[in-house]
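Each remark here refers to the structure printed beneath this line.
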Amino acid sequence: MRKSNLSIIKKSMVTVLAVALSVTMVQPAAAAKKKPSLRMKAYYLVEGESETINILKNGTAIKDTTWTSTNEGVFTVKKKNKTKAVITGVKLGKAKVKATVTTKTGKKITLTSKVVVDDDEWADRGGSWKTAESPEIDNALKAIIEKASADYAKEFTLEPIALLAVNESDGQTFRVFCKKVPVMAGGKAIYALVDFHANLLGEATVSGILESDMEAYGTGNASGWNQAETPVMAKGEEKYINDALNGITGVNYKPLAILASQKLRGTEYCYICEMTVVAPNQVPSYGLVYVSVDESGKVTLGDTKKIFESEGDQGRSNTDTALIGSWTYMLENTLAFTYTFKADGTGTYTVKDETLKFTYEADGKNLTIHFEKDTNPEGMKVPYRIVGSSLFLTDGTGSELEYKKS
């Protein structure tokens, strides 16, 4: 690839389209075969809030668009131009926005998305985390975890151990203490804090993974420990941890689940706890607390290990874990363009024999890439969405190109 092509990649981030234009001087035929679509399947507003929505043309020549709300008592819609409109929340409820597109050939296409108007409590879309009523992983949650984890099956498995917290915003997000087991032989199984999100459309995704550096019990050097059959503390186990923490000052401990135990002149227990330093504006963290019970029944508090931050995004990566892996677009079945995103926020972009290194951030809507040696401090920002094994990147014209997970 010539330097001019690399320059195009860095400056425009029209993804494959820009490079394809520089190589073939024509737009990829695949983009023209797709029908136009609204960018999101669902939009979320609060009363009085407005948001601009737009149509992804996907190569379709649009002559005009008529926008309508199925219930103007819930939200209104006002046309900006043939591909954009502004929706405004009126009162709590659900309705649909319809865009009736007229193409330049006279064909009419109706596009529909759901609009949900919430109250002000959820205006930041962040909701609030609440400690789970029980750490047990029920069948419904197991199904969500299995569905959300499918994309990572070639790299690692996530074995749920205990449900720690729930956030009911745009569906539900479940914070689960998991064992992360690599598929590669000889890899080390570790503990990870994983957020599984189930939205109102029935879709399930992994919205965050925070790894510890701690080897999981029952494996490798930690083989002397036995993982508990259930994370729910039995009465005796609950009494041991409460007795051990009685009188402790400086840190507030909230026992959430029993993780493991081992026999050592009595029994040593390991508990998953939420820990908060007693001081203003302190952020809680998740950790492990060890309690020993000797043969006479004497309870002794052992080590405490802080292994995860627990509130907001403290200590969490700004990487959308659904991106992790390699994604390839084939131009006319001859030229491959491949993005590879790694969990540490780095990646590569490969065309033929040329490879560019980059760092990236992704928030579930926008992808920002900083190529190595690029002088632009803001990097390149493009909208994206992931549907199953497809990554859709949007160029400056509003068209999308589909990369397949490879």
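Identifiers in the structure tokens: chain A, B, ... in order shown; residue index from 1 per chain; ligand index from 1 in order shown.
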* Run DSSP on the backbone and give me the residues of stretch 220-276 of chain A it puts in strand (DSSP E), as JSON, numbers by chain. => {"A": [226, 227, 251, 252, 253, 254, 255, 256, 257, 258, 259, 260, 261, 262, 263, 266, 267, 268, 269, 270, 271, 272, 273, 274, 275, 276]}
* Among stretch 28-253 of chain A, which residues carry a DSSP assignment of alpha helix (DSSP H), reported as a PyMOL selection string? -> chain A and resi 29-33+139-149+235-245
Filtering to N, CA and C atoms, could you give me those residues as an mmCIF file, in the first residue's frame?
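Written output follows (again.cif):
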data_model
loop_
_atom_site.group_PDB
_atom_site.id
_atom_site.type_symbol
_atom_site.label_atom_id
_atom_site.label_comp_id
_atom_site.auth_asym_id
_atom_site.auth_seq_id
_atom_site.Cartn_x
_atom_site.Cartn_y
_atom_site.Cartn_z
ATOM 1 N N ALA A 29 -19.670 -2.444 -3.963
ATOM 2 C CA ALA A 29 -21.017 -2.785 -4.415
ATOM 3 C C ALA A 29 -21.882 -3.270 -3.268
ATOM 4 N N ALA A 30 -21.229 -3.868 -2.231
ATOM 5 C CA ALA A 30 -21.998 -4.441 -1.116
ATOM 6 C C ALA A 30 -22.815 -3.388 -0.411
ATOM 7 N N ALA A 31 -22.281 -2.160 -0.314
ATOM 8 C CA ALA A 31 -22.982 -1.114 0.409
ATOM 9 C C ALA A 31 -24.274 -0.727 -0.280
ATOM 10 N N ALA A 32 -24.347 -0.819 -1.623
ATOM 11 C CA ALA A 32 -25.521 -0.399 -2.370
ATOM 12 C C ALA A 32 -26.649 -1.424 -2.294
ATOM 13 N N LYS A 33 -26.345 -2.647 -1.921
ATOM 14 C CA LYS A 33 -27.342 -3.698 -1.898
ATOM 15 C C LYS A 33 -28.199 -3.638 -0.646
ATOM 16 N N ASN A 139 -31.808 -19.748 36.648
ATOM 17 C CA ASN A 139 -31.818 -20.217 35.262
ATOM 18 C C ASN A 139 -31.988 -19.085 34.261
ATOM 19 N N ALA A 140 -32.785 -18.069 34.618
ATOM 20 C CA ALA A 140 -32.991 -16.943 33.706
ATOM 21 C C ALA A 140 -31.683 -16.189 33.480
ATOM 22 N N LEU A 141 -30.936 -15.972 34.555
ATOM 23 C CA LEU A 141 -29.655 -15.279 34.427
ATOM 24 C C LEU A 141 -28.639 -16.153 33.693
ATOM 25 N N LYS A 142 -28.670 -17.454 33.944
ATOM 26 C CA LYS A 142 -27.768 -18.359 33.224
ATOM 27 C C LYS A 142 -27.981 -18.254 31.720
ATOM 28 N N ALA A 143 -29.247 -18.129 31.309
ATOM 29 C CA ALA A 143 -29.558 -18.024 29.880
ATOM 30 C C ALA A 143 -29.003 -16.725 29.297
ATOM 31 N N ILE A 144 -29.104 -15.638 30.049
ATOM 32 C CA ILE A 144 -28.563 -14.352 29.603
ATOM 33 C C ILE A 144 -27.048 -14.435 29.476
ATOM 34 N N ILE A 145 -26.408 -15.035 30.473
ATOM 35 C CA ILE A 145 -24.949 -15.156 30.467
ATOM 36 C C ILE A 145 -24.483 -16.011 29.290
ATOM 37 N N GLU A 146 -25.175 -17.110 29.057
ATOM 38 C CA GLU A 146 -24.804 -18.001 27.945
ATOM 39 C C GLU A 146 -24.932 -17.282 26.608
ATOM 40 N N LYS A 147 -26.007 -16.527 26.437
ATOM 41 C CA LYS A 147 -26.240 -15.801 25.192
ATOM 42 C C LYS A 147 -25.211 -14.696 24.996
ATOM 43 N N ALA A 148 -24.928 -13.949 26.075
ATOM 44 C CA ALA A 148 -23.994 -12.833 25.976
ATOM 45 C C ALA A 148 -22.556 -13.292 25.768
ATOM 46 N N SER A 149 -22.217 -14.468 26.271
ATOM 47 C CA SER A 149 -20.837 -14.956 26.229
ATOM 48 C C SER A 149 -20.479 -15.680 24.937
ATOM 49 N N LYS A 235 -26.212 -20.740 57.323
ATOM 50 C CA LYS A 235 -26.305 -19.992 58.582
ATOM 51 C C LYS A 235 -24.979 -19.974 59.333
ATOM 52 N N GLY A 236 -24.314 -21.126 59.385
ATOM 53 C CA GLY A 236 -23.044 -21.190 60.089
ATOM 54 C C GLY A 236 -21.989 -20.331 59.421
ATOM 55 N N GLU A 237 -21.937 -20.374 58.098
ATOM 56 C CA GLU A 237 -20.947 -19.581 57.358
ATOM 57 C C GLU A 237 -21.204 -18.092 57.529
ATOM 58 N N GLU A 238 -22.471 -17.702 57.552
ATOM 59 C CA GLU A 238 -22.818 -16.295 57.751
ATOM 60 C C GLU A 238 -22.429 -15.841 59.161
ATOM 61 N N LYS A 239 -22.629 -16.723 60.131
ATOM 62 C CA LYS A 239 -22.268 -16.380 61.511
ATOM 63 C C LYS A 239 -20.765 -16.218 61.657
ATOM 64 N N TYR A 240 -19.983 -17.079 60.997
ATOM 65 C CA TYR A 240 -18.527 -16.978 61.095
ATOM 66 C C TYR A 240 -18.017 -15.620 60.598
ATOM 67 N N ILE A 241 -18.482 -15.179 59.448
ATOM 68 C CA ILE A 241 -17.982 -13.924 58.886
ATOM 69 C C ILE A 241 -18.444 -12.739 59.727
ATOM 70 N N ASN A 242 -19.669 -12.794 60.220
ATOM 71 C CA ASN A 242 -20.160 -11.686 61.046
ATOM 72 C C ASN A 242 -19.407 -11.603 62.369
ATOM 73 N N ASP A 243 -19.127 -12.760 62.970
ATOM 74 C CA ASP A 243 -18.357 -12.771 64.215
ATOM 75 C C ASP A 243 -16.941 -12.258 63.979
ATOM 76 N N ALA A 244 -16.340 -12.643 62.863
ATOM 77 C CA ALA A 244 -14.965 -12.231 62.569
ATOM 78 C C ALA A 244 -14.866 -10.732 62.335
ATOM 79 N N LEU A 245 -15.899 -10.138 61.727
ATOM 80 C CA LEU A 245 -15.866 -8.699 61.404
ATOM 81 C C LEU A 245 -16.351 -7.828 62.550
#
* Asked: Residues at most 10 Å from stretch 161-166 of chain A, counting only C-alpha atoms, excluding those fewer than 2 positions away in the same chain, as number ranges by chain?
  -> A: 127-138, 141, 158-159, 168-169, 172-179, 191, 193-197, 227-232, 256-259, 272-274, 286, 310
* Kindly indicate which residue among A:Met330, A:Ile324, A:Met233, A:Ile55 lies nearest to A:Phe156, using only C-alpha atoms for the distances. => A:Ile324
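Using only C-alpha atoms, the residues found no farther than 6 Å from A:Thr65, other than those of its own chain fewer than 6 positions away, are Lys82, Thr100 and Val101 of chain A.
Atom CA of A:Ala336 is found 29.2 Å from atom CA of A:Asn54.
Checking A:Val277, A:Ala61, A:Val293, A:Leu56 one by one against A:Leu264, counting only C-alpha atoms, you find the shortest gap at A:Val293.
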